[in-house]
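Chemist: If you scroll down you'll find the structure; I have some questions about it.
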Amino acid sequence: MTNKYPEEGVTLRQRIESMSEGCILFRSDFPEYHTEFVGSVLSELTDEGVLVKIAHGIYAKPRNSRFGVLLPSIDNVVQAIAVRDNADLLPSGVVALNALGLSTQVPVIYTYLTSGSERTIQLSNTQVILKRGVPKNFCYRTRLISLLVQALKALKKENVSEEVVNTIRQLVKKETDKATLAKDVDMMPAWMKRIVKPMLTD
């Protein structure tokens with residue numbers, strides 16, 4: 001393969017081989033090369049076990065451990081997509097509940113809100129849906145409240161148990177920037193605000 005960077009003299013194959021274990025790369029990461037050439041290099045490296053194809057156009061360099069080959073988590077893959085698209089990203093539904101420790105249910109479908117393009121990705125046997133979120137979803141400055149709004153929306157008001165309230169109270173206590181937290185709480189939907197606001201003075 002003779003395609004090289006004009007200045008560095010490094011082939012595409014060498015560039016990929018030098019990437020760190022666990023990194024995620026996209027077929028579209030190499031616009032300076034012809035698409036078919038990129039595809040052939042990625043296919044060869046996949047056949048050789050240097051890369052693993054984890055979804056259409058998405059590859060990873062597996063990380064070797066004493067437990068075997070480790071691939072990036074779903075969250076890592078989705079975060080990499082968001083970075084590539086320069087988009088905001090927010091776990092939604094059961095994913096948000098899990099992130100806060102409000103549920104141990106394993107999601108059948110992983111759903112995220114994004115300020116970027118909507119898409120559905122098949123990662124092995126798992127379906128990941130990136131849904132276009134309205135700007136208000138991304139207006140909170142603390143990650144806790146961003147996640148909490150999504151989690152409570154999925155849980156619904158009538159299912160908020162005392163156990164859930166206690167878990168949220170512990171999460172609120174751990175937040176160090178109380179001023180920013182208070183501003184975020186004031187922007188929450190009314191029924192959620194009624195649950196969380198009293199915790200600010202506990």
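Please note that chains go A, B, ... in the order of the structure tokens, that every chain numbers its residues from 1, and that ligands are numbered from 1 in the order shown.
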Please build the interface table for range 77-120 of chain A against range 168-171 of chain A with a cut-off of 10 Å, listing for each qualifying residue the nearest atom pair and the distance in Å to one decimal; count only C-alpha atoms, order rows by chain and increasing number, and write it as a tab-separated table.

Modeler:
```
residue	atom	partner	partner_atom	distance
A:Leu100	CA	A:Leu171	CA	8.1
A:Gly101	CA	A:Ile168	CA	9.1
A:Leu102	CA	A:Ile168	CA	8.3
```

Chemist: How about saving the chosen residues, C-alpha atoms kept, as a PDB file, in the first residue's frame?

Modeler:
```pdb
ATOM      1  CA  LEU A 100     -27.806   7.252  38.471  1.00  0.00           C
ATOM      2  CA  GLY A 101     -28.216   3.905  40.218  1.00  0.00           C
ATOM      3  CA  LEU A 102     -32.016   4.192  40.145  1.00  0.00           C
TER       4      LEU A 102
END
```

Chemist: Enumerate, in order of chain and increasing residue number, the residues of range 109-166 of chain A with an atom no farther than 8 Å from range 182-194 of chain A, each with its shortest atom pair and distance in Å to one decimal, counting only C-alpha atoms, as JSON lines.

Modeler:
```
{"residue": "A:Tyr140", "atom": "CA", "partner": "A:Asp184", "partner_atom": "CA", "distance": 5.6}
{"residue": "A:Arg141", "atom": "CA", "partner": "A:Asp184", "partner_atom": "CA", "distance": 6.8}
{"residue": "A:Thr142", "atom": "CA", "partner": "A:Asp184", "partner_atom": "CA", "distance": 7.1}
{"residue": "A:Ile145", "atom": "CA", "partner": "A:Asp184", "partner_atom": "CA", "distance": 6.6}
{"residue": "A:Val149", "atom": "CA", "partner": "A:Met188", "partner_atom": "CA", "distance": 6.9}
{"residue": "A:Leu152", "atom": "CA", "partner": "A:Met192", "partner_atom": "CA", "distance": 7.4}
{"residue": "A:Lys157", "atom": "CA", "partner": "A:Trp191", "partner_atom": "CA", "distance": 7.5}
```

Chemist: Looking at only C-alpha atoms, which of A:Val165, A:Pro91, A:Thr111, A:Leu97 is the one that sits closest to Phe138 in chain A?

Modeler: A:Pro91

Chemist: Within range 70-152 of chain A, find each residue whose DSSP state, derived from the backbone, is alpha helix (DSSP H), and express the selection as a tab-separated table (two decimals) with C-alpha atoms, in the first residue's frame.

Modeler:
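Full text of result35.tsv as output:
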```
chain	number	residue	atom	x	y	z
A	74	ILE	CA	-21.66	1.00	24.37
A	75	ASP	CA	-21.30	4.31	26.19
A	76	ASN	CA	-17.73	4.72	24.91
A	77	VAL	CA	-18.87	4.10	21.33
A	78	VAL	CA	-21.76	6.56	21.59
A	79	GLN	CA	-19.49	9.18	23.20
A	80	ALA	CA	-17.03	8.75	20.32
A	81	ILE	CA	-19.85	9.33	17.82
A	82	ALA	CA	-20.87	12.50	19.67
A	83	VAL	CA	-17.29	13.81	19.65
A	84	ARG	CA	-16.95	13.08	15.95
A	85	ASP	CA	-20.25	14.88	15.23
A	93	GLY	CA	-34.75	6.20	29.51
A	94	VAL	CA	-33.37	3.13	31.29
A	95	VAL	CA	-29.81	4.20	30.40
A	96	ALA	CA	-30.26	7.37	32.48
A	97	LEU	CA	-31.85	5.40	35.33
A	98	ASN	CA	-28.89	3.00	35.37
A	99	ALA	CA	-26.37	5.84	35.24
A	143	ARG	CA	-24.71	16.35	34.74
A	144	LEU	CA	-26.76	15.19	37.73
A	145	ILE	CA	-29.82	17.25	36.84
A	146	SER	CA	-29.44	16.53	33.12
A	147	LEU	CA	-29.58	12.80	33.87
A	148	LEU	CA	-32.19	13.14	36.61
A	149	VAL	CA	-34.69	14.86	34.33
A	150	GLN	CA	-34.36	12.03	31.80
A	151	ALA	CA	-34.47	9.34	34.48
A	152	LEU	CA	-37.58	10.71	36.20
```

Chemist: Residues within 6 Å of range 16-26 of chain A, please, as a PyMOL selection string. Count only C-alpha atoms; anything in the same chain fewer than 5 positions from it doesn't count.

Modeler: chain A and resi 57-63

Chemist: For the residues in that selection, give me N, CA and C atoms as an mmCIF file, in the first residue's frame.

Modeler:
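Output (selection_5.cif):
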```cif
data_model
loop_
_atom_site.group_PDB
_atom_site.id
_atom_site.type_symbol
_atom_site.label_atom_id
_atom_site.label_comp_id
_atom_site.auth_asym_id
_atom_site.auth_seq_id
_atom_site.Cartn_x
_atom_site.Cartn_y
_atom_site.Cartn_z
ATOM 1 N N GLY A 57 -19.238 0.945 9.532
ATOM 2 C CA GLY A 57 -18.353 2.108 9.466
ATOM 3 C C GLY A 57 -17.637 2.443 10.758
ATOM 4 N N ILE A 58 -17.792 1.594 11.793
ATOM 5 C CA ILE A 58 -17.175 1.862 13.100
ATOM 6 C C ILE A 58 -16.290 0.678 13.498
ATOM 7 N N TYR A 59 -15.053 0.978 13.889
ATOM 8 C CA TYR A 59 -14.088 -0.054 14.248
ATOM 9 C C TYR A 59 -13.453 0.277 15.597
ATOM 10 N N ALA A 60 -12.869 -0.738 16.223
ATOM 11 C CA ALA A 60 -12.160 -0.528 17.483
ATOM 12 C C ALA A 60 -10.883 -1.340 17.474
ATOM 13 N N LYS A 61 -9.873 -0.808 18.167
ATOM 14 C CA LYS A 61 -8.670 -1.596 18.418
ATOM 15 C C LYS A 61 -8.888 -2.308 19.742
ATOM 16 N N PRO A 62 -9.017 -3.617 19.724
ATOM 17 C CA PRO A 62 -9.312 -4.335 20.962
ATOM 18 C C PRO A 62 -8.200 -4.184 21.990
ATOM 19 N N ARG A 63 -8.611 -4.194 23.257
ATOM 20 C CA ARG A 63 -7.659 -4.129 24.361
ATOM 21 C C ARG A 63 -7.470 -5.539 24.920
#
```

Chemist: Write out as an MDAnalysis selection string which residues come within 9 Å of Val172 in chain A when counting only C-alpha atoms, dropping same-chain ones fewer than 4 positions away.

Modeler: chainID A and resid 144 167:168 176 178 181 196 199:200

Chemist: Could you name the residues that touch Thr114 in chain A at 10 Å or less, counting only C-alpha atoms, but leaving out those on the same chain fewer than 2 positions away, as a ChimeraX atom specification?

Modeler: /A:78,82,85,87-92,111-112,116-119,129-135,137-138

Chemist: Keeping C-alpha atoms, export the residues of the selection given above as a compact mmCIF listing (two decimals), in the first residue's frame.

Modeler:
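again-v1.txt, freshly written:
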```
# COMPACT_ATOMS: atom_id res chain seq x y z
CA VAL A 78 -21.76 6.56 21.59
CA ALA A 82 -20.87 12.50 19.67
CA ASP A 85 -20.25 14.88 15.23
CA ALA A 87 -22.77 17.02 19.30
CA ASP A 88 -24.14 17.05 22.85
CA LEU A 89 -25.15 13.66 24.17
CA LEU A 90 -27.43 12.61 27.01
CA PRO A 91 -28.46 9.13 28.20
CA SER A 92 -32.22 8.67 28.15
CA THR A 111 -31.44 5.30 23.93
CA TYR A 112 -29.56 8.60 23.96
CA GLY A 116 -26.58 15.85 16.25
CA SER A 117 -28.08 13.55 13.65
CA GLU A 118 -30.61 10.88 14.52
CA ARG A 119 -29.54 7.32 13.78
CA ILE A 129 -30.88 4.74 19.15
CA LEU A 130 -29.70 8.34 18.98
CA LYS A 131 -32.76 10.58 19.10
CA ARG A 132 -32.74 14.28 18.33
CA GLY A 133 -33.33 16.12 21.60
CA VAL A 134 -34.82 19.58 22.01
CA PRO A 135 -32.32 22.25 23.17
CA ASN A 137 -32.57 18.88 27.36
CA PHE A 138 -29.02 20.20 27.11
```

Chemist: Do you have the CA of Glu32 in chain A-CA of Leu71 in chain A distance handy?

Modeler: 27.2 Å

Chemist: What residues in range 29-167 of chain A get the DSSP label strand (DSSP E)? Please answer as a ChimeraX atom specification.

Modeler: /A:52-55,58-60,63-65,68-70,89-91,109-114,119-123,126-132

Chemist: So that I have them on file, write out the residues from the current selection with N, CA, C and O atoms, as a tab-separated table (two decimals), in the first residue's frame.

Modeler:
```tsv
chain	number	residue	atom	x	y	z
A	52	VAL	N	-11.44	-4.63	15.19
A	52	VAL	CA	-12.70	-5.34	15.24
A	52	VAL	C	-13.77	-4.39	14.71
A	52	VAL	O	-13.85	-3.24	15.15
A	53	LYS	N	-14.57	-4.88	13.76
A	53	LYS	CA	-15.67	-4.05	13.25
A	53	LYS	C	-16.83	-4.19	14.22
A	53	LYS	O	-17.35	-5.28	14.45
A	54	ILE	N	-17.24	-3.08	14.84
A	54	ILE	CA	-18.28	-3.16	15.86
A	54	ILE	C	-19.64	-2.66	15.36
A	54	ILE	O	-20.66	-2.91	15.99
A	55	ALA	N	-19.65	-1.96	14.22
A	55	ALA	CA	-20.89	-1.53	13.60
A	55	ALA	C	-20.53	-1.04	12.20
A	55	ALA	O	-19.35	-0.94	11.85
A	58	ILE	N	-17.79	1.59	11.79
A	58	ILE	CA	-17.17	1.86	13.10
A	58	ILE	C	-16.29	0.68	13.50
A	58	ILE	O	-16.73	-0.47	13.47
A	59	TYR	N	-15.05	0.98	13.89
A	59	TYR	CA	-14.09	-0.05	14.25
A	59	TYR	C	-13.45	0.28	15.60
A	59	TYR	O	-13.48	1.41	16.05
A	60	ALA	N	-12.87	-0.74	16.22
A	60	ALA	CA	-12.16	-0.53	17.48
A	60	ALA	C	-10.88	-1.34	17.47
A	60	ALA	O	-10.81	-2.40	16.85
A	63	ARG	N	-8.61	-4.19	23.26
A	63	ARG	CA	-7.66	-4.13	24.36
A	63	ARG	C	-7.47	-5.54	24.92
A	63	ARG	O	-8.44	-6.22	25.24
A	64	ASN	N	-6.25	-5.99	24.96
A	64	ASN	CA	-5.97	-7.33	25.45
A	64	ASN	C	-5.76	-7.31	26.97
A	64	ASN	O	-5.04	-6.46	27.49
A	65	SER	N	-6.41	-8.22	27.66
A	65	SER	CA	-6.26	-8.32	29.11
A	65	SER	C	-6.15	-9.80	29.49
A	65	SER	O	-6.28	-10.68	28.64
A	68	GLY	N	-8.98	-11.80	28.37
A	68	GLY	CA	-9.22	-11.92	26.94
A	68	GLY	C	-9.31	-10.56	26.26
A	68	GLY	O	-8.84	-9.56	26.80
A	69	VAL	N	-9.92	-10.55	25.09
A	69	VAL	CA	-10.04	-9.32	24.31
A	69	VAL	C	-11.19	-8.48	24.83
A	69	VAL	O	-12.31	-8.98	25.00
A	70	LEU	N	-10.93	-7.21	25.11
A	70	LEU	CA	-11.96	-6.30	25.59
A	70	LEU	C	-12.28	-5.25	24.53
A	70	LEU	O	-11.38	-4.65	23.95
A	89	LEU	N	-24.61	15.00	24.02
A	89	LEU	CA	-25.15	13.66	24.17
A	89	LEU	C	-25.69	13.48	25.58
A	89	LEU	O	-25.07	13.93	26.54
A	90	LEU	N	-26.82	12.79	25.70
A	90	LEU	CA	-27.43	12.61	27.01
A	90	LEU	C	-28.13	11.26	27.07
A	90	LEU	O	-29.01	10.97	26.26
A	91	PRO	N	-27.74	10.40	28.03
A	91	PRO	CA	-28.46	9.13	28.20
A	91	PRO	C	-29.93	9.39	28.48
A	91	PRO	O	-30.29	10.35	29.17
A	109	ILE	N	-32.98	-1.80	24.60
A	109	ILE	CA	-32.52	-0.83	23.60
A	109	ILE	C	-31.87	0.33	24.36
A	109	ILE	O	-32.44	0.84	25.34
A	110	TYR	N	-30.70	0.72	23.94
A	110	TYR	CA	-30.00	1.84	24.57
A	110	TYR	C	-30.39	3.12	23.82
A	110	TYR	O	-30.16	3.24	22.61
A	111	THR	N	-30.96	4.07	24.55
A	111	THR	CA	-31.44	5.30	23.93
A	111	THR	C	-30.68	6.51	24.49
A	111	THR	O	-30.49	6.63	25.70
A	112	TYR	N	-30.26	7.37	23.59
A	112	TYR	CA	-29.56	8.60	23.96
A	112	TYR	C	-30.19	9.77	23.20
A	112	TYR	O	-30.64	9.61	22.05
A	113	LEU	N	-30.21	10.92	23.83
A	113	LEU	CA	-30.60	12.15	23.14
A	113	LEU	C	-29.35	12.81	22.59
A	113	LEU	O	-28.30	12.80	23.25
A	114	THR	N	-29.44	13.37	21.42
A	114	THR	CA	-28.29	14.03	20.80
A	114	THR	C	-28.71	15.34	20.17
A	114	THR	O	-29.86	15.50	19.75
A	119	ARG	N	-29.96	8.55	14.45
A	119	ARG	CA	-29.54	7.32	13.78
A	119	ARG	C	-29.78	6.13	14.69
A	119	ARG	O	-29.93	6.29	15.92
A	120	THR	N	-29.83	4.96	14.10
A	120	THR	CA	-29.93	3.71	14.84
A	120	THR	C	-28.71	2.88	14.50
A	120	THR	O	-28.37	2.71	13.33
A	121	ILE	N	-28.03	2.38	15.54
A	121	ILE	CA	-26.78	1.64	15.35
A	121	ILE	C	-26.95	0.25	15.95
A	121	ILE	O	-27.49	0.11	17.06
A	122	GLN	N	-26.50	-0.74	15.24
A	122	GLN	CA	-26.54	-2.11	15.75
A	122	GLN	C	-25.14	-2.47	16.22
A	122	GLN	O	-24.20	-2.59	15.42
A	123	LEU	N	-24.96	-2.61	17.54
A	123	LEU	CA	-23.68	-3.00	18.11
A	123	LEU	C	-23.80	-4.44	18.59
A	123	LEU	O	-24.40	-4.70	19.64
A	126	THR	N	-27.00	-5.56	20.27
A	126	THR	CA	-27.63	-4.44	20.96
A	126	THR	C	-27.97	-3.31	20.00
A	126	THR	O	-27.14	-2.90	19.20
A	127	GLN	N	-29.19	-2.82	20.12
A	127	GLN	CA	-29.62	-1.69	19.29
A	127	GLN	C	-29.44	-0.39	20.07
A	127	GLN	O	-29.86	-0.29	21.23
A	128	VAL	N	-28.80	0.57	19.45
A	128	VAL	CA	-28.58	1.88	20.06
A	128	VAL	C	-29.29	2.93	19.22
A	128	VAL	O	-29.08	2.99	18.00
A	129	ILE	N	-30.12	3.71	19.86
A	129	ILE	CA	-30.88	4.74	19.15
A	129	ILE	C	-30.43	6.12	19.62
A	129	ILE	O	-30.45	6.41	20.83
A	130	LEU	N	-30.02	6.94	18.70
A	130	LEU	CA	-29.70	8.34	18.98
A	130	LEU	C	-30.88	9.17	18.49
A	130	LEU	O	-31.15	9.22	17.29
A	131	LYS	N	-31.59	9.79	19.43
A	131	LYS	CA	-32.76	10.58	19.10
A	131	LYS	C	-32.43	12.06	19.21
A	131	LYS	O	-31.73	12.47	20.13
A	132	ARG	N	-32.96	12.82	18.30
A	132	ARG	CA	-32.74	14.28	18.33
A	132	ARG	C	-33.47	14.87	19.54
A	132	ARG	O	-34.68	14.70	19.69
```

Chemist: Just the number, please: distance in Å from CA of Cys139 in chain A to CA of Gln105 in chain A, one decimal.

Modeler: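 CA of Cys139 in chain A sits 27.5 Å away from CA of Gln105 in chain A.
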
Chemist: Mind pulling up the distance from CA of His56 in chain A to CA of Phe30 in chain A?

Modeler: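 A separation of 15.5 Å between them.
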